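Colleague: Handing over structure-v2.txt, compact mmCIF, N, CA and C atoms.
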```
# COMPACT_ATOMS: atom_id res chain seq x y z
N MET A 1 0.84 -1.14 -22.12
CA MET A 1 0.03 -1.67 -21.03
C MET A 1 0.91 -2.48 -20.09
N GLN A 2 0.75 -2.24 -18.82
CA GLN A 2 1.52 -2.91 -17.78
C GLN A 2 0.90 -4.26 -17.43
N ARG A 3 1.76 -5.26 -17.26
CA ARG A 3 1.26 -6.57 -16.82
C ARG A 3 0.88 -6.47 -15.35
N PHE A 4 -0.25 -7.06 -14.97
CA PHE A 4 -0.67 -6.95 -13.58
C PHE A 4 0.35 -7.56 -12.63
N GLU A 5 1.08 -8.57 -13.09
CA GLU A 5 2.09 -9.22 -12.26
C GLU A 5 3.23 -8.27 -11.88
N ASP A 6 3.39 -7.20 -12.65
CA ASP A 6 4.46 -6.22 -12.39
C ASP A 6 4.03 -5.10 -11.46
N ILE A 7 2.76 -5.05 -11.10
CA ILE A 7 2.24 -3.99 -10.25
C ILE A 7 2.53 -4.33 -8.79
N ARG A 8 3.23 -3.45 -8.12
CA ARG A 8 3.65 -3.71 -6.74
C ARG A 8 2.45 -3.97 -5.81
N ALA A 9 1.38 -3.25 -5.99
CA ALA A 9 0.18 -3.45 -5.16
C ALA A 9 -0.36 -4.87 -5.35
N TRP A 10 -0.33 -5.38 -6.58
CA TRP A 10 -0.79 -6.75 -6.83
C TRP A 10 0.16 -7.75 -6.16
N GLN A 11 1.45 -7.50 -6.24
CA GLN A 11 2.44 -8.39 -5.61
C GLN A 11 2.21 -8.46 -4.10
N GLU A 12 1.96 -7.32 -3.49
CA GLU A 12 1.70 -7.30 -2.04
C GLU A 12 0.36 -7.96 -1.71
N SER A 13 -0.62 -7.75 -2.56
CA SER A 13 -1.91 -8.38 -2.35
C SER A 13 -1.79 -9.90 -2.47
N ARG A 14 -0.95 -10.35 -3.37
CA ARG A 14 -0.70 -11.79 -3.51
C ARG A 14 -0.08 -12.35 -2.23
N LYS A 15 0.90 -11.63 -1.68
CA LYS A 15 1.52 -12.06 -0.42
C LYS A 15 0.49 -12.11 0.70
N LEU A 16 -0.35 -11.08 0.75
CA LEU A 16 -1.40 -11.03 1.78
C LEU A 16 -2.35 -12.22 1.62
N THR A 17 -2.71 -12.53 0.40
CA THR A 17 -3.61 -13.66 0.15
C THR A 17 -2.98 -14.97 0.62
N LYS A 18 -1.72 -15.16 0.31
CA LYS A 18 -1.03 -16.38 0.75
C LYS A 18 -1.00 -16.45 2.28
N TYR A 19 -0.70 -15.32 2.89
CA TYR A 19 -0.65 -15.26 4.36
C TYR A 19 -2.01 -15.62 4.96
N VAL A 20 -3.08 -15.06 4.43
CA VAL A 20 -4.42 -15.32 4.95
C VAL A 20 -4.80 -16.78 4.74
N CYS A 21 -4.48 -17.33 3.58
CA CYS A 21 -4.78 -18.74 3.33
C CYS A 21 -4.05 -19.64 4.31
N GLU A 22 -2.79 -19.34 4.57
CA GLU A 22 -2.02 -20.14 5.53
C GLU A 22 -2.56 -19.96 6.95
N LEU A 23 -2.89 -18.73 7.31
CA LEU A 23 -3.41 -18.44 8.64
C LEU A 23 -4.72 -19.19 8.89
N THR A 24 -5.60 -19.17 7.94
CA THR A 24 -6.92 -19.77 8.13
C THR A 24 -6.92 -21.28 7.92
N ALA A 25 -5.81 -21.83 7.48
CA ALA A 25 -5.72 -23.29 7.32
C ALA A 25 -5.46 -23.98 8.66
N SER A 26 -5.19 -23.20 9.70
CA SER A 26 -4.90 -23.78 11.01
C SER A 26 -6.15 -24.41 11.61
N ASP A 27 -5.93 -25.29 12.57
CA ASP A 27 -7.03 -25.98 13.24
C ASP A 27 -7.99 -25.00 13.93
N ARG A 28 -7.50 -23.83 14.30
CA ARG A 28 -8.34 -22.85 14.99
C ARG A 28 -9.55 -22.43 14.17
N PHE A 29 -9.43 -22.52 12.85
CA PHE A 29 -10.52 -22.11 11.96
C PHE A 29 -11.35 -23.29 11.47
N SER A 30 -11.05 -24.49 11.93
CA SER A 30 -11.73 -25.68 11.41
C SER A 30 -13.23 -25.66 11.69
N GLU A 31 -13.65 -25.05 12.77
CA GLU A 31 -15.07 -24.99 13.11
C GLU A 31 -15.75 -23.73 12.58
N GLU A 32 -14.99 -22.84 12.00
CA GLU A 32 -15.52 -21.56 11.51
C GLU A 32 -15.34 -21.46 10.01
N HIS A 33 -15.99 -22.37 9.30
CA HIS A 33 -15.83 -22.41 7.85
C HIS A 33 -16.23 -21.10 7.18
N GLU A 34 -17.34 -20.51 7.61
CA GLU A 34 -17.83 -19.28 6.97
C GLU A 34 -16.85 -18.12 7.18
N LEU A 35 -16.33 -17.97 8.38
CA LEU A 35 -15.36 -16.90 8.64
C LEU A 35 -14.10 -17.12 7.81
N ARG A 36 -13.62 -18.36 7.79
CA ARG A 36 -12.44 -18.67 6.98
C ARG A 36 -12.69 -18.32 5.52
N THR A 37 -13.84 -18.71 5.01
CA THR A 37 -14.18 -18.45 3.61
C THR A 37 -14.22 -16.95 3.33
N GLN A 38 -14.83 -16.19 4.23
CA GLN A 38 -14.91 -14.74 4.03
C GLN A 38 -13.55 -14.07 4.06
N LEU A 39 -12.69 -14.51 4.97
CA LEU A 39 -11.33 -13.96 5.03
C LEU A 39 -10.57 -14.23 3.74
N VAL A 40 -10.63 -15.45 3.28
CA VAL A 40 -9.91 -15.82 2.05
C VAL A 40 -10.50 -15.09 0.85
N ARG A 41 -11.82 -15.02 0.77
CA ARG A 41 -12.45 -14.32 -0.36
C ARG A 41 -12.09 -12.84 -0.40
N ALA A 42 -12.04 -12.21 0.75
CA ALA A 42 -11.67 -10.78 0.79
C ALA A 42 -10.24 -10.60 0.28
N ALA A 43 -9.34 -11.46 0.73
CA ALA A 43 -7.95 -11.36 0.28
C ALA A 43 -7.84 -11.60 -1.23
N ILE A 44 -8.48 -12.65 -1.70
CA ILE A 44 -8.44 -12.97 -3.13
C ILE A 44 -9.07 -11.86 -3.95
N SER A 45 -10.15 -11.28 -3.45
CA SER A 45 -10.81 -10.20 -4.16
C SER A 45 -9.89 -9.01 -4.37
N SER A 46 -9.10 -8.68 -3.37
CA SER A 46 -8.18 -7.54 -3.54
C SER A 46 -7.20 -7.81 -4.68
N MET A 47 -6.71 -9.03 -4.73
CA MET A 47 -5.75 -9.41 -5.76
C MET A 47 -6.38 -9.42 -7.15
N THR A 48 -7.56 -10.00 -7.26
CA THR A 48 -8.19 -10.12 -8.57
C THR A 48 -8.73 -8.79 -9.09
N GLN A 49 -9.14 -7.91 -8.19
CA GLN A 49 -9.61 -6.59 -8.63
C GLN A 49 -8.46 -5.80 -9.26
N ILE A 50 -7.27 -5.91 -8.69
CA ILE A 50 -6.11 -5.22 -9.26
C ILE A 50 -5.81 -5.78 -10.64
N ALA A 51 -5.82 -7.11 -10.74
CA ALA A 51 -5.54 -7.76 -12.03
C ALA A 51 -6.58 -7.36 -13.08
N ALA A 52 -7.84 -7.36 -12.69
CA ALA A 52 -8.90 -6.99 -13.63
C ALA A 52 -8.76 -5.53 -14.06
N GLY A 53 -8.42 -4.68 -13.12
CA GLY A 53 -8.27 -3.27 -13.43
C GLY A 53 -7.13 -2.99 -14.39
N ALA A 54 -6.08 -3.77 -14.28
CA ALA A 54 -4.92 -3.56 -15.15
C ALA A 54 -5.25 -3.82 -16.62
N CYS A 55 -6.32 -4.55 -16.86
CA CYS A 55 -6.73 -4.88 -18.23
C CYS A 55 -7.77 -3.91 -18.78
N CYS A 56 -8.13 -2.91 -18.01
CA CYS A 56 -9.17 -1.97 -18.43
C CYS A 56 -8.68 -1.05 -19.54
N ASP A 57 -9.65 -0.50 -20.25
CA ASP A 57 -9.35 0.41 -21.36
C ASP A 57 -9.02 1.82 -20.91
N SER A 58 -9.43 2.18 -19.69
CA SER A 58 -9.18 3.54 -19.24
C SER A 58 -8.61 3.54 -17.81
N GLU A 59 -7.90 4.59 -17.50
CA GLU A 59 -7.33 4.73 -16.17
C GLU A 59 -8.42 4.94 -15.13
N SER A 60 -9.51 5.60 -15.50
CA SER A 60 -10.59 5.81 -14.53
C SER A 60 -11.27 4.48 -14.20
N GLU A 61 -11.39 3.59 -15.19
CA GLU A 61 -11.96 2.28 -14.93
C GLU A 61 -11.02 1.45 -14.05
N PHE A 62 -9.72 1.55 -14.30
CA PHE A 62 -8.72 0.88 -13.47
C PHE A 62 -8.82 1.39 -12.04
N ALA A 63 -8.95 2.70 -11.87
CA ALA A 63 -9.08 3.30 -10.53
C ALA A 63 -10.33 2.77 -9.82
N HIS A 64 -11.39 2.54 -10.56
CA HIS A 64 -12.62 1.97 -9.98
C HIS A 64 -12.33 0.57 -9.41
N HIS A 65 -11.60 -0.24 -10.14
CA HIS A 65 -11.25 -1.58 -9.67
C HIS A 65 -10.33 -1.50 -8.44
N LEU A 66 -9.46 -0.51 -8.44
CA LEU A 66 -8.57 -0.34 -7.29
C LEU A 66 -9.37 0.06 -6.04
N ALA A 67 -10.42 0.85 -6.23
CA ALA A 67 -11.28 1.20 -5.09
C ALA A 67 -11.94 -0.06 -4.53
N ARG A 68 -12.35 -0.94 -5.40
CA ARG A 68 -12.94 -2.22 -4.96
C ARG A 68 -11.90 -3.06 -4.22
N ALA A 69 -10.68 -3.03 -4.71
CA ALA A 69 -9.60 -3.78 -4.05
C ALA A 69 -9.35 -3.23 -2.64
N GLN A 70 -9.38 -1.91 -2.51
CA GLN A 70 -9.20 -1.30 -1.19
C GLN A 70 -10.33 -1.71 -0.24
N ARG A 71 -11.55 -1.72 -0.75
CA ARG A 71 -12.69 -2.13 0.09
C ARG A 71 -12.56 -3.59 0.51
N ALA A 72 -12.04 -4.43 -0.36
CA ALA A 72 -11.85 -5.84 -0.01
C ALA A 72 -10.84 -5.97 1.12
N VAL A 73 -9.79 -5.18 1.08
CA VAL A 73 -8.79 -5.22 2.17
C VAL A 73 -9.41 -4.70 3.46
N SER A 74 -10.24 -3.69 3.38
CA SER A 74 -10.93 -3.19 4.58
C SER A 74 -11.85 -4.27 5.16
N ARG A 75 -12.54 -5.00 4.30
CA ARG A 75 -13.37 -6.12 4.78
C ARG A 75 -12.51 -7.14 5.50
N LEU A 76 -11.36 -7.44 4.93
CA LEU A 76 -10.43 -8.39 5.54
C LEU A 76 -10.01 -7.89 6.93
N GLN A 77 -9.67 -6.63 7.04
CA GLN A 77 -9.25 -6.08 8.32
C GLN A 77 -10.37 -6.20 9.35
N SER A 78 -11.59 -5.92 8.95
CA SER A 78 -12.73 -6.03 9.85
C SER A 78 -12.93 -7.48 10.28
N LEU A 79 -12.83 -8.40 9.35
CA LEU A 79 -13.01 -9.82 9.67
C LEU A 79 -11.92 -10.33 10.61
N LEU A 80 -10.74 -9.74 10.55
CA LEU A 80 -9.68 -10.14 11.47
C LEU A 80 -10.09 -9.87 12.92
N TYR A 81 -10.84 -8.80 13.14
CA TYR A 81 -11.33 -8.53 14.49
C TYR A 81 -12.31 -9.60 14.95
N THR A 82 -13.11 -10.10 14.02
CA THR A 82 -14.02 -11.20 14.37
C THR A 82 -13.21 -12.43 14.77
N ALA A 83 -12.16 -12.72 14.00
CA ALA A 83 -11.30 -13.86 14.33
C ALA A 83 -10.67 -13.69 15.71
N LEU A 84 -10.28 -12.47 16.05
CA LEU A 84 -9.74 -12.19 17.37
C LEU A 84 -10.80 -12.39 18.44
N ASP A 85 -11.96 -11.81 18.23
CA ASP A 85 -13.04 -11.87 19.21
C ASP A 85 -13.50 -13.31 19.48
N LEU A 86 -13.41 -14.16 18.49
CA LEU A 86 -13.81 -15.56 18.65
C LEU A 86 -12.66 -16.45 19.13
N GLY A 87 -11.49 -15.85 19.32
CA GLY A 87 -10.35 -16.60 19.86
C GLY A 87 -9.58 -17.41 18.84
N HIS A 88 -9.78 -17.14 17.55
CA HIS A 88 -9.07 -17.89 16.52
C HIS A 88 -7.66 -17.35 16.29
N ILE A 89 -7.46 -16.10 16.60
CA ILE A 89 -6.13 -15.50 16.53
C ILE A 89 -5.92 -14.67 17.80
N GLY A 90 -4.67 -14.43 18.12
CA GLY A 90 -4.34 -13.60 19.26
C GLY A 90 -4.04 -12.17 18.84
N PRO A 91 -3.81 -11.30 19.81
CA PRO A 91 -3.54 -9.89 19.50
C PRO A 91 -2.30 -9.69 18.63
N ASP A 92 -1.26 -10.49 18.82
CA ASP A 92 -0.06 -10.33 18.00
C ASP A 92 -0.32 -10.69 16.54
N VAL A 93 -1.07 -11.75 16.33
CA VAL A 93 -1.41 -12.14 14.96
C VAL A 93 -2.32 -11.09 14.33
N LEU A 94 -3.25 -10.56 15.12
CA LEU A 94 -4.11 -9.49 14.60
C LEU A 94 -3.25 -8.31 14.16
N ARG A 95 -2.34 -7.89 15.01
CA ARG A 95 -1.50 -6.73 14.69
C ARG A 95 -0.69 -6.97 13.42
N THR A 96 -0.04 -8.14 13.33
CA THR A 96 0.77 -8.46 12.15
C THR A 96 -0.09 -8.50 10.89
N SER A 97 -1.23 -9.18 10.99
CA SER A 97 -2.12 -9.31 9.84
C SER A 97 -2.68 -7.96 9.41
N TYR A 98 -3.11 -7.19 10.40
CA TYR A 98 -3.70 -5.88 10.12
C TYR A 98 -2.67 -4.96 9.46
N GLU A 99 -1.43 -4.98 9.95
CA GLU A 99 -0.38 -4.14 9.38
C GLU A 99 -0.04 -4.55 7.95
N GLU A 100 -0.01 -5.86 7.69
CA GLU A 100 0.24 -6.34 6.33
C GLU A 100 -0.89 -5.87 5.41
N ALA A 101 -2.10 -5.98 5.88
CA ALA A 101 -3.25 -5.52 5.09
C ALA A 101 -3.17 -4.00 4.87
N ALA A 102 -2.80 -3.27 5.89
CA ALA A 102 -2.70 -1.81 5.77
C ALA A 102 -1.64 -1.41 4.74
N ARG A 103 -0.51 -2.11 4.73
CA ARG A 103 0.54 -1.83 3.73
C ARG A 103 -0.01 -2.07 2.33
N THR A 104 -0.71 -3.16 2.17
CA THR A 104 -1.29 -3.48 0.86
C THR A 104 -2.30 -2.42 0.45
N LYS A 105 -3.16 -2.03 1.37
CA LYS A 105 -4.18 -1.02 1.08
C LYS A 105 -3.54 0.32 0.72
N THR A 106 -2.46 0.66 1.37
CA THR A 106 -1.76 1.91 1.06
C THR A 106 -1.19 1.89 -0.36
N LEU A 107 -0.58 0.77 -0.74
CA LEU A 107 -0.05 0.66 -2.10
C LEU A 107 -1.16 0.76 -3.14
N ILE A 108 -2.28 0.12 -2.87
CA ILE A 108 -3.42 0.20 -3.78
C ILE A 108 -3.91 1.65 -3.85
N GLY A 109 -4.03 2.30 -2.71
CA GLY A 109 -4.49 3.68 -2.67
C GLY A 109 -3.55 4.64 -3.38
N ASP A 110 -2.25 4.42 -3.23
CA ASP A 110 -1.27 5.27 -3.91
C ASP A 110 -1.41 5.15 -5.43
N LEU A 111 -1.56 3.91 -5.91
CA LEU A 111 -1.73 3.70 -7.34
C LEU A 111 -3.03 4.33 -7.82
N ARG A 112 -4.07 4.16 -7.05
CA ARG A 112 -5.38 4.74 -7.40
C ARG A 112 -5.28 6.26 -7.49
N ALA A 113 -4.65 6.89 -6.52
CA ALA A 113 -4.50 8.35 -6.53
C ALA A 113 -3.69 8.80 -7.74
N GLN A 114 -2.68 8.06 -8.07
CA GLN A 114 -1.85 8.37 -9.24
C GLN A 114 -2.69 8.35 -10.52
N LEU A 115 -3.51 7.32 -10.64
CA LEU A 115 -4.37 7.21 -11.84
C LEU A 115 -5.41 8.33 -11.87
N GLU A 116 -5.99 8.63 -10.73
CA GLU A 116 -7.03 9.67 -10.69
C GLU A 116 -6.46 11.05 -10.99
N ARG A 117 -5.21 11.30 -10.59
CA ARG A 117 -4.57 12.59 -10.91
C ARG A 117 -4.36 12.73 -12.42
N ARG A 118 -4.05 11.62 -13.07
CA ARG A 118 -3.79 11.66 -14.51
C ARG A 118 -5.07 11.69 -15.33
N ALA A 119 -6.16 11.22 -14.74
CA ALA A 119 -7.42 11.11 -15.52
C ALA A 119 -8.08 12.46 -15.70
```
Represent the supplied structure as structure tokens.
Modeller:
Amino acid sequence: MQRFEDIRAWQESRKLTKYVCELTASDRFSEEHELRTQLVRAAISSMTQIAAGACCDSESEFAHHLARAQRAVSRLQSLLYTALDLGHIGPDVLRTSYEEAARTKTLIGDLRAQLERRA
């Protein structure tokens, strides 16, 4: 059994979570507690779903958790547009954040596809 800490998708999700936490700690989000909370929860969810999946008894169950992790990253990407629309982030920050999230989602998807092929 692989430790979740050794899974590259989890490592990238951890980086994404740290980035989102730092981004939303800025004064720009001080008046938007709910948006900040949703952004952080989506990032954390991606990370914890990977960790939970790594402890599953079957690869198909792990793949199910990875699908949830991918959806959490998609929620994060959507919420980033809300942050842009409300003026909390600019287009450059959106692009950087979105690309980091997309890289993470791709790694999760690659691992998921690998597990589903073997199942």
Colleague: Just the residues within 8 Å of Arg14 (chain A), please, counting all atoms listed in the file, with nothing from its chain fewer than 4 positions along; format it as a PDB file with N, CA and C atoms, keeping the file's coordinate frame.
Modeller:
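Just written: out_9.pdb:
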```
ATOM      1  N   ARG A   8       3.230  -3.450  -8.120  1.00  0.00           N
ATOM      2  CA  ARG A   8       3.650  -3.710  -6.740  1.00  0.00           C
ATOM      3  C   ARG A   8       2.450  -3.970  -5.810  1.00  0.00           C
ATOM      4  N   ALA A   9       1.380  -3.250  -5.990  1.00  0.00           N
ATOM      5  CA  ALA A   9       0.180  -3.450  -5.160  1.00  0.00           C
ATOM      6  C   ALA A   9      -0.360  -4.870  -5.350  1.00  0.00           C
ATOM      7  N   TRP A  10      -0.330  -5.380  -6.580  1.00  0.00           N
ATOM      8  CA  TRP A  10      -0.790  -6.750  -6.830  1.00  0.00           C
ATOM      9  C   TRP A  10       0.160  -7.750  -6.160  1.00  0.00           C
ATOM     10  N   LYS A  18      -1.720 -15.160   0.310  1.00  0.00           N
ATOM     11  CA  LYS A  18      -1.030 -16.380   0.750  1.00  0.00           C
ATOM     12  C   LYS A  18      -1.000 -16.450   2.280  1.00  0.00           C
ATOM     13  N   TYR A  19      -0.700 -15.320   2.890  1.00  0.00           N
ATOM     14  CA  TYR A  19      -0.650 -15.260   4.360  1.00  0.00           C
ATOM     15  C   TYR A  19      -2.010 -15.620   4.960  1.00  0.00           C
ATOM     16  N   VAL A  20      -3.080 -15.060   4.430  1.00  0.00           N
ATOM     17  CA  VAL A  20      -4.420 -15.320   4.950  1.00  0.00           C
ATOM     18  C   VAL A  20      -4.800 -16.780   4.740  1.00  0.00           C
ATOM     19  N   ALA A  43      -9.340 -11.460   0.730  1.00  0.00           N
ATOM     20  CA  ALA A  43      -7.950 -11.360   0.280  1.00  0.00           C
ATOM     21  C   ALA A  43      -7.840 -11.600  -1.230  1.00  0.00           C
ATOM     22  N   ILE A  44      -8.480 -12.650  -1.700  1.00  0.00           N
ATOM     23  CA  ILE A  44      -8.440 -12.970  -3.130  1.00  0.00           C
ATOM     24  C   ILE A  44      -9.070 -11.860  -3.950  1.00  0.00           C
ATOM     25  N   SER A  46      -9.100  -8.680  -3.370  1.00  0.00           N
ATOM     26  CA  SER A  46      -8.180  -7.540  -3.540  1.00  0.00           C
ATOM     27  C   SER A  46      -7.200  -7.810  -4.680  1.00  0.00           C
ATOM     28  N   MET A  47      -6.710  -9.030  -4.730  1.00  0.00           N
ATOM     29  CA  MET A  47      -5.750  -9.410  -5.760  1.00  0.00           C
ATOM     30  C   MET A  47      -6.380  -9.420  -7.150  1.00  0.00           C
ATOM     31  N   THR A  48      -7.560 -10.000  -7.260  1.00  0.00           N
ATOM     32  CA  THR A  48      -8.190 -10.120  -8.570  1.00  0.00           C
ATOM     33  C   THR A  48      -8.730  -8.790  -9.090  1.00  0.00           C
TER      34      THR A  48
END
```
Colleague: My list of candidates is A:Leu35, A:Ala102, A:Leu111, A:Lys15. Which is closest to Thr82 (chain A) when distances are computed with only N, CA and C atoms?
Modeller: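 Comparing A:Leu35, A:Ala102, A:Leu111, A:Lys15 against Thr82 (chain A), the winner is A:Leu35.
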Colleague: Excluding region 104-109 of chain A and residues on its chain fewer than 4 positions from it, collect all residues at most 8 Å away from it, counting only N, CA and C atoms, and give them as a ChimeraX atom specification.
Modeller: /A:8-13,16,66-67,69-71,73-74,98-100,113-115
Colleague: Suppose we keep N, CA and C atoms; can you now write the selection as a PDB file, in the frame of the given file?
Modeller:
```pdb
ATOM      1  N   ARG A   8       3.230  -3.450  -8.120  1.00  0.00           N
ATOM      2  CA  ARG A   8       3.650  -3.710  -6.740  1.00  0.00           C
ATOM      3  C   ARG A   8       2.450  -3.970  -5.810  1.00  0.00           C
ATOM      4  N   ALA A   9       1.380  -3.250  -5.990  1.00  0.00           N
ATOM      5  CA  ALA A   9       0.180  -3.450  -5.160  1.00  0.00           C
ATOM      6  C   ALA A   9      -0.360  -4.870  -5.350  1.00  0.00           C
ATOM      7  N   TRP A  10      -0.330  -5.380  -6.580  1.00  0.00           N
ATOM      8  CA  TRP A  10      -0.790  -6.750  -6.830  1.00  0.00           C
ATOM      9  C   TRP A  10       0.160  -7.750  -6.160  1.00  0.00           C
ATOM     10  N   GLN A  11       1.450  -7.500  -6.240  1.00  0.00           N
ATOM     11  CA  GLN A  11       2.440  -8.390  -5.610  1.00  0.00           C
ATOM     12  C   GLN A  11       2.210  -8.460  -4.100  1.00  0.00           C
ATOM     13  N   GLU A  12       1.960  -7.320  -3.490  1.00  0.00           N
ATOM     14  CA  GLU A  12       1.700  -7.300  -2.040  1.00  0.00           C
ATOM     15  C   GLU A  12       0.360  -7.960  -1.710  1.00  0.00           C
ATOM     16  N   SER A  13      -0.620  -7.750  -2.560  1.00  0.00           N
ATOM     17  CA  SER A  13      -1.910  -8.380  -2.350  1.00  0.00           C
ATOM     18  C   SER A  13      -1.790  -9.900  -2.470  1.00  0.00           C
ATOM     19  N   LEU A  16      -0.350 -11.080   0.750  1.00  0.00           N
ATOM     20  CA  LEU A  16      -1.400 -11.030   1.780  1.00  0.00           C
ATOM     21  C   LEU A  16      -2.350 -12.220   1.620  1.00  0.00           C
ATOM     22  N   LEU A  66      -9.460  -0.510  -8.440  1.00  0.00           N
ATOM     23  CA  LEU A  66      -8.570  -0.340  -7.290  1.00  0.00           C
ATOM     24  C   LEU A  66      -9.370   0.060  -6.040  1.00  0.00           C
ATOM     25  N   ALA A  67     -10.420   0.850  -6.230  1.00  0.00           N
ATOM     26  CA  ALA A  67     -11.280   1.200  -5.090  1.00  0.00           C
ATOM     27  C   ALA A  67     -11.940  -0.060  -4.530  1.00  0.00           C
ATOM     28  N   ALA A  69     -10.680  -3.030  -4.710  1.00  0.00           N
ATOM     29  CA  ALA A  69      -9.600  -3.780  -4.050  1.00  0.00           C
ATOM     30  C   ALA A  69      -9.350  -3.230  -2.640  1.00  0.00           C
ATOM     31  N   GLN A  70      -9.380  -1.910  -2.510  1.00  0.00           N
ATOM     32  CA  GLN A  70      -9.200  -1.300  -1.190  1.00  0.00           C
ATOM     33  C   GLN A  70     -10.330  -1.710  -0.240  1.00  0.00           C
ATOM     34  N   ARG A  71     -11.550  -1.720  -0.750  1.00  0.00           N
ATOM     35  CA  ARG A  71     -12.690  -2.130   0.090  1.00  0.00           C
ATOM     36  C   ARG A  71     -12.560  -3.590   0.510  1.00  0.00           C
ATOM     37  N   VAL A  73      -9.790  -5.180   1.080  1.00  0.00           N
ATOM     38  CA  VAL A  73      -8.790  -5.220   2.170  1.00  0.00           C
ATOM     39  C   VAL A  73      -9.410  -4.700   3.460  1.00  0.00           C
ATOM     40  N   SER A  74     -10.240  -3.690   3.380  1.00  0.00           N
ATOM     41  CA  SER A  74     -10.930  -3.190   4.580  1.00  0.00           C
ATOM     42  C   SER A  74     -11.850  -4.270   5.160  1.00  0.00           C
ATOM     43  N   TYR A  98      -3.110  -7.190  10.400  1.00  0.00           N
ATOM     44  CA  TYR A  98      -3.700  -5.880  10.120  1.00  0.00           C
ATOM     45  C   TYR A  98      -2.670  -4.960   9.460  1.00  0.00           C
ATOM     46  N   GLU A  99      -1.430  -4.980   9.950  1.00  0.00           N
ATOM     47  CA  GLU A  99      -0.380  -4.140   9.380  1.00  0.00           C
ATOM     48  C   GLU A  99      -0.040  -4.550   7.950  1.00  0.00           C
ATOM     49  N   GLU A 100      -0.010  -5.860   7.690  1.00  0.00           N
ATOM     50  CA  GLU A 100       0.240  -6.340   6.330  1.00  0.00           C
ATOM     51  C   GLU A 100      -0.890  -5.870   5.410  1.00  0.00           C
ATOM     52  N   ALA A 113      -4.650   6.890  -6.520  1.00  0.00           N
ATOM     53  CA  ALA A 113      -4.500   8.350  -6.530  1.00  0.00           C
ATOM     54  C   ALA A 113      -3.690   8.800  -7.740  1.00  0.00           C
ATOM     55  N   GLN A 114      -2.680   8.060  -8.070  1.00  0.00           N
ATOM     56  CA  GLN A 114      -1.850   8.370  -9.240  1.00  0.00           C
ATOM     57  C   GLN A 114      -2.690   8.350 -10.520  1.00  0.00           C
ATOM     58  N   LEU A 115      -3.510   7.320 -10.640  1.00  0.00           N
ATOM     59  CA  LEU A 115      -4.370   7.210 -11.840  1.00  0.00           C
ATOM     60  C   LEU A 115      -5.410   8.330 -11.870  1.00  0.00           C
TER      61      LEU A 115
END
```
Colleague: In Å, with one decimal, what is the gap from CA of Glu116 (chain A) to CA of Gln49 (chain A)?
Modeller: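 Separation between CA of Glu116 (chain A) and CA of Gln49 (chain A): 16.6 Å.
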Colleague: Looking at only N, CA and C atoms, which of A:Arg117, A:Arg3, A:Arg112, A:Arg28 is the one that sits closest to Ile89 (chain A)?
Modeller: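 Closest to Ile89 (chain A), using only N, CA and C atoms: A:Arg28.
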Colleague: So which residues touch His65 (chain A) within 7 Å, counting only N, CA and C atoms, skipping near sequence neighbours fewer than 6 positions away, as a list in words?
Modeller: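 Listed by chain and then number, they are Gln49, Ile50, Ala52 and Gly53 of chain A.
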Colleague: One number please: atom N of Gly87 (chain A) to atom N of Ala72 (chain A), in Å, one decimal.
Modeller: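 So the two atoms, atom N of Gly87 (chain A) and atom N of Ala72 (chain A), lie 22.8 Å apart.
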Colleague: Would you please give, as a ChimeraX atom specification, all residues of region 1-107 of chain A that DSSP assigns to helix (DSSP H, G or I) based on the backbone?
Modeller: /A:4-6,8-24,27-29,33-54,59-85,91-107
